[in-house]
Amino acid sequence: ILHQLLNISTIFFTPSAFRTANPWPQSSMTFTISVICFLSEFSGHYSNKTVSIILMCLTVVGYCLIFCFMMFFARFLSGFQEMIFSSVTFGSIVNSIISIIYFILDKAMPEYIIIIIILIIVICLLLGSYFHTFYFIKSIQILDSLEESKENYSMFKRSSQLIPHILVGFQVNHRYCLSYSVFVDSLNVFEEDFSLLVYFAKFLAIYPEEYSQLNWVYMMVQKIEKKNIKKKYIKAQLMTILMRRESTLSNELKKKLQSISNLIVTAKLRMRNTWEAALSGSTSELEPLFLLYSSIVKQIDLKFTYLQNYHSNNQYALSALSNYEREVQANYELSSFHREKARKIKLGHSEGVDQVYLYGRVYFPNLPPRPIYHN
């Protein structure tokens with residue numbers, strides 16, 4: 001269930017079997033296939049013919065559900081995968097229906113049926129290729145018309161009708177999409193539309209350079225009044241991505257660093273007390289002093305681990321870590337590494353590559369490495 005919730009609310013493109021804009025139908029497909037296998041296994045093993053027919057019909061319903069989930073909700077990003085999936089699934093539905101008919105008539109299926117099914121799949125592939133090309137051309141024409149005149153948005157009654165065309169625009173690097181103007185104009189028409197904001201965030205999250213706009217989307221999501229589990233997970237993911245790409249000293253980060261600074265001061269004091277006890281020969285006091293020092297160092301290490309996970313590209317967090325490694329841990333090599341990394345980020349030379357960026361480039365390989373129209 002948790003996996004389903006995370007999939008239904010993700011704002012970045014995650015690796016999966018099929019390249020789709022929405023990953024949750026693939027999880028649903030996995031469960032449905034398990035049910036289909038169960039029904040298929042038991043459909044022909046009952047003395048009561050009616051029970052077998054019902055189970056076989058339920059199998060057909062399962063195939064239809066998979067087809068609808070993937071074709072209407074998943075939003076394929078690969079034309080080849082879409083054609084193969086739709087053709088094979090449709091062929092399976094036809095084969096199941098023919099099987100039911102022959103089972104009702106108490107006849108065995110002739111061998112040439114398999115040839116007919118293969119021909120149906122091939123015909124579906126050819127038709128799918130034609131309609132896929134036609135749909136791409138139509139989407140590009142629609143995006144051109146929307147870019148020319150905002151009045152053309154009147155052809156859409158819901159944002160769900162517009163989003164598939166936007167996805168095509170990013171696949172073919174349409175200028176109206178690469179500049180993100182399509183989202184800005186769409187949100188002027190469909191104000192505070194949650195689905196549009198999620199897709200806007202998906203494409204902004206690909207580029208670390210679009211931190212400011214992604215932060216704006218986060219604030220817009222917060223303003224939406226409706227409360228549901230999807231909004232909760234979207235906000236959490238947006239906050240995580242923003243923290244990992246934040247380069248400024250926010251109030252929240254400032255409080256975290258101040259807390260760590262206080263612990264470091266305490267650690268230095270305990271270190272000095274331990275050293276003085278060792279010099280004075282008070283061996284009985286060394287063990288409790290070492291335990292006190294070790295406990296606070298573990299707290300500091302845990303806090304810096306959190307900072308490295310969520311503020312890995314922040315110059316202030318890296319500088320604090322470098323000072324801690326030099327002054328407390330005496331790890332001068334690692335301290336120099338983090339100090340140099342902080343210096344590069346300060347000069348504007350951040351790495352700019354993370355999993356969100358890499359997954360986005362895998363799903364949309366034609367996208368430019370960096371934003372062309374930087375806002």
# chains A, B, ... in the order shown; residues from 1 in each chain; ligands from 1
$ residues_around --residues "Met271 (chain A)" --least-positions-apart "4" --cutoff "12 Å" --atoms "only C-alpha atoms" --output "list in words"
Ile264, Val265, Thr266, Ala267, Trp275, Glu276, Ala277, Ala278, Leu286, Pro288, Leu289, Phe290, Leu291, Leu292, Tyr293, Ser294, Ser295, Ile296, Val297, Glu327, Val328 and Gln329 of chain A
$ residues_around --residues "region 315-320 of chain A" --least-positions-apart "3" --cutoff "9 Å" --atoms "only C-alpha atoms" --output "PyMOL selection string"
chain A and resi 247-249+253-254+257+260-261+304+307-308+311-312+323-325+335+338-339+341-346
$ write_last_selection --atoms "N, CA, C and O atoms" --output "CSV table (one decimal), in the first residue's frame"
chain,number,residue,atom,x,y,z
A,247,SER,N,21.1,26.4,-1.9
A,247,SER,CA,22.5,26.9,-1.8
A,247,SER,C,22.6,28.1,-0.9
A,247,SER,O,23.7,28.5,-0.5
A,248,THR,N,21.4,28.6,-0.4
A,248,THR,CA,21.4,29.7,0.5
A,248,THR,C,21.3,29.3,1.9
A,248,THR,O,21.0,28.1,2.2
A,249,LEU,N,21.4,30.2,2.8
A,249,LEU,CA,21.3,30.0,4.3
A,249,LEU,C,19.8,30.3,4.7
A,249,LEU,O,19.6,31.5,5.1
A,253,LEU,N,17.7,26.1,8.0
A,253,LEU,CA,19.1,25.6,8.0
A,253,LEU,C,20.0,26.3,9.0
A,253,LEU,O,20.8,25.7,9.7
A,254,LYS,N,19.7,27.6,9.2
A,254,LYS,CA,20.5,28.3,10.2
A,254,LYS,C,20.3,27.8,11.6
A,254,LYS,O,21.2,27.7,12.4
A,257,LEU,N,22.2,24.5,11.9
A,257,LEU,CA,23.7,24.7,12.1
A,257,LEU,C,24.0,25.3,13.5
A,257,LEU,O,25.0,24.9,14.0
A,260,ILE,N,24.0,22.4,15.9
A,260,ILE,CA,25.2,21.6,15.7
A,260,ILE,C,26.4,22.3,16.3
A,260,ILE,O,27.2,21.7,17.0
A,261,SER,N,26.4,23.7,16.1
A,261,SER,CA,27.5,24.5,16.7
A,261,SER,C,27.6,24.4,18.2
A,261,SER,O,28.7,24.3,18.8
A,304,PHE,N,25.1,15.6,11.2
A,304,PHE,CA,25.8,15.9,9.9
A,304,PHE,C,25.4,14.9,8.8
A,304,PHE,O,25.4,15.3,7.6
A,307,LEU,N,22.3,16.3,7.4
A,307,LEU,CA,22.6,17.5,6.5
A,307,LEU,C,23.2,17.0,5.2
A,307,LEU,O,22.9,17.6,4.2
A,308,GLN,N,24.0,16.0,5.2
A,308,GLN,CA,24.6,15.5,4.0
A,308,GLN,C,23.5,14.9,3.1
A,308,GLN,O,23.7,14.9,1.8
A,311,HIS,N,21.0,18.4,2.5
A,311,HIS,CA,21.6,19.7,2.1
A,311,HIS,C,23.0,19.4,1.6
A,311,HIS,O,24.0,20.0,1.9
A,312,SER,N,23.1,18.4,0.7
A,312,SER,CA,24.3,18.0,0.1
A,312,SER,C,25.0,19.0,-0.7
A,312,SER,O,26.2,18.9,-1.0
A,323,ASN,N,34.7,22.2,9.0
A,323,ASN,CA,35.3,22.7,10.3
A,323,ASN,C,35.3,21.6,11.3
A,323,ASN,O,36.2,21.5,12.1
A,324,TYR,N,34.2,20.9,11.4
A,324,TYR,CA,34.0,19.8,12.4
A,324,TYR,C,35.0,18.7,12.1
A,324,TYR,O,35.6,18.2,13.1
A,325,GLU,N,35.2,18.4,10.9
A,325,GLU,CA,36.2,17.3,10.6
A,325,GLU,C,37.6,17.7,10.9
A,325,GLU,O,38.4,16.9,11.3
A,335,SER,N,38.3,17.0,5.4
A,335,SER,CA,38.0,18.4,5.7
A,335,SER,C,38.3,19.2,4.4
A,335,SER,O,37.5,20.1,4.0
A,338,HIS,N,35.7,18.6,1.6
A,338,HIS,CA,34.4,19.3,1.7
A,338,HIS,C,34.6,20.9,1.7
A,338,HIS,O,33.7,21.6,1.2
A,339,ARG,N,35.7,21.4,2.1
A,339,ARG,CA,36.0,22.8,2.0
A,339,ARG,C,36.1,23.2,0.6
A,339,ARG,O,35.6,24.3,0.2
A,341,LYS,N,34.7,21.6,-2.0
A,341,LYS,CA,33.4,21.5,-2.6
A,341,LYS,C,32.5,22.7,-2.3
A,341,LYS,O,31.8,23.2,-3.1
A,342,ALA,N,32.6,23.2,-1.0
A,342,ALA,CA,31.9,24.4,-0.6
A,342,ALA,C,32.4,25.6,-1.4
A,342,ALA,O,31.5,26.5,-1.8
A,343,ARG,N,33.7,25.7,-1.6
A,343,ARG,CA,34.2,26.8,-2.4
A,343,ARG,C,33.7,26.8,-3.8
A,343,ARG,O,33.3,27.9,-4.3
A,344,LYS,N,33.6,25.7,-4.4
A,344,LYS,CA,33.1,25.6,-5.8
A,344,LYS,C,31.6,26.0,-5.9
A,344,LYS,O,31.2,26.7,-6.8
A,345,ILE,N,30.9,25.5,-4.9
A,345,ILE,CA,29.4,25.9,-4.9
A,345,ILE,C,29.3,27.4,-4.7
A,345,ILE,O,28.4,28.0,-5.3
A,346,LYS,N,30.1,28.0,-3.9
A,346,LYS,CA,30.0,29.4,-3.6
A,346,LYS,C,30.3,30.2,-4.9
A,346,LYS,O,29.7,31.2,-5.1
$ closest_atom_pairs --of "region 233-301 of chain A" --to "region 205-223 of chain A" --cutoff "9 Å" --atoms "only C-alpha atoms" --output "Markdown table"
| residue | atom | partner | partner_atom | distance |
| --- | --- | --- | --- | --- |
| A:Ile234 | CA | A:Val221 | CA | 8.4 |
| A:Lys235 | CA | A:Tyr218 | CA | 6.8 |
| A:Leu238 | CA | A:Tyr218 | CA | 6.4 |
| A:Met239 | CA | A:Tyr218 | CA | 7.6 |
| A:Ile241 | CA | A:Ala205 | CA | 7.6 |
| A:Leu242 | CA | A:Tyr211 | CA | 6.9 |
| A:Arg245 | CA | A:Pro208 | CA | 6.5 |
| A:Glu246 | CA | A:Tyr211 | CA | 7.6 |
$ closest_atom_pairs --of "region 109-169 of chain A" --to "region 177-191 of chain A" --cutoff "9 Å" --atoms "only C-alpha atoms" --output "CSV"
residue,atom,partner,partner_atom,distance
A:Leu143,CA,A:Val182,CA,8.3
A:Leu146,CA,A:Val182,CA,8.1
A:Glu147,CA,A:Val182,CA,7.6
A:Lys150,CA,A:Asp185,CA,7.4
A:Tyr153,CA,A:Val189,CA,7.5
A:Ser154,CA,A:Val189,CA,8.7
A:Arg158,CA,A:Phe190,CA,7.8
A:Ser159,CA,A:Phe190,CA,6.8
A:Leu162,CA,A:Ser186,CA,8.6
A:Ile166,CA,A:Cys177,CA,6.8
A:Leu167,CA,A:Cys177,CA,8.7
A:Gly169,CA,A:Cys177,CA,5.8
$ select_by_dssp --residues "region 79-306 of chain A" --states "alpha helix (DSSP H)" --output "PyMOL selection string"
chain A and resi 79-104+112-148+159-171+175-178+181-189+194-204+211-223+229-245+251-280+283-306
$ closest_residue --among "A:Leu77, A:Leu55, A:Ile229, A:Leu347" --to "Val362 (chain A)" --atoms "only C-alpha atoms"
A:Leu77
$ atom_distance --atom1 "CA of Phe72 (chain A)" --atom2 "CA of Pro25 (chain A)"
9.5 Å
$ closest_residue --among "A:Ser259, A:Ser43, A:Thr10, A:Gln141" --to "Ala201 (chain A)" --atoms "only C-alpha atoms"
A:Thr10
$ closest_residue --among "A:Met109, A:Ile11, A:Leu127, A:Ile66" --to "Lys232 (chain A)" --atoms "only C-alpha atoms"
A:Ile11
$ atom_distance --atom1 "CA of Leu65 (chain A)" --atom2 "CA of Ser28 (chain A)"
9.4 Å
$ decode --residues "region 177-213 of chain A" --atoms "C-alpha atoms" --output "PDB file, in the first residue's frame"
ATOM      1  CA  CYS A 177       7.243  23.524 -23.411  1.00  0.00           C
ATOM      2  CA  LEU A 178      11.007  23.965 -22.931  1.00  0.00           C
ATOM      3  CA  SER A 179      10.401  27.551 -21.800  1.00  0.00           C
ATOM      4  CA  TYR A 180       7.734  26.298 -19.348  1.00  0.00           C
ATOM      5  CA  SER A 181       5.438  29.005 -20.748  1.00  0.00           C
ATOM      6  CA  VAL A 182       2.830  26.330 -21.451  1.00  0.00           C
ATOM      7  CA  PHE A 183       2.489  25.711 -17.694  1.00  0.00           C
ATOM      8  CA  VAL A 184       2.385  29.405 -16.830  1.00  0.00           C
ATOM      9  CA  ASP A 185      -0.354  30.063 -19.403  1.00  0.00           C
ATOM     10  CA  SER A 186      -2.246  26.895 -18.453  1.00  0.00           C
ATOM     11  CA  LEU A 187      -2.277  27.867 -14.778  1.00  0.00           C
ATOM     12  CA  ASN A 188      -3.726  31.226 -15.767  1.00  0.00           C
ATOM     13  CA  VAL A 189      -6.616  29.354 -17.381  1.00  0.00           C
ATOM     14  CA  PHE A 190      -6.934  26.499 -14.861  1.00  0.00           C
ATOM     15  CA  GLU A 191      -6.059  28.394 -11.688  1.00  0.00           C
ATOM     16  CA  GLU A 192      -4.419  26.383  -8.882  1.00  0.00           C
ATOM     17  CA  ASP A 193      -4.996  23.136 -10.780  1.00  0.00           C
ATOM     18  CA  PHE A 194      -3.237  20.443  -8.756  1.00  0.00           C
ATOM     19  CA  SER A 195      -2.484  18.128 -11.700  1.00  0.00           C
ATOM     20  CA  LEU A 196      -0.872  20.939 -13.705  1.00  0.00           C
ATOM     21  CA  LEU A 197       1.237  21.949 -10.706  1.00  0.00           C
ATOM     22  CA  VAL A 198       2.417  18.349 -10.258  1.00  0.00           C
ATOM     23  CA  TYR A 199       3.486  18.060 -13.900  1.00  0.00           C
ATOM     24  CA  PHE A 200       5.074  21.512 -13.736  1.00  0.00           C
ATOM     25  CA  ALA A 201       7.084  20.292 -10.733  1.00  0.00           C
ATOM     26  CA  LYS A 202       8.017  17.057 -12.540  1.00  0.00           C
ATOM     27  CA  PHE A 203       9.747  18.929 -15.358  1.00  0.00           C
ATOM     28  CA  LEU A 204      11.201  21.691 -13.205  1.00  0.00           C
ATOM     29  CA  ALA A 205      12.711  19.080 -10.874  1.00  0.00           C
ATOM     30  CA  ILE A 206      14.788  17.670 -13.737  1.00  0.00           C
ATOM     31  CA  TYR A 207      16.990  20.786 -13.746  1.00  0.00           C
ATOM     32  CA  PRO A 208      18.659  21.966 -10.508  1.00  0.00           C
ATOM     33  CA  GLU A 209      18.932  25.413 -12.127  1.00  0.00           C
ATOM     34  CA  GLU A 210      15.156  25.799 -11.855  1.00  0.00           C
ATOM     35  CA  TYR A 211      15.279  25.936  -8.047  1.00  0.00           C
ATOM     36  CA  SER A 212      13.417  29.264  -7.806  1.00  0.00           C
ATOM     37  CA  GLN A 213      10.513  28.156 -10.011  1.00  0.00           C
TER      38      GLN A 213
END
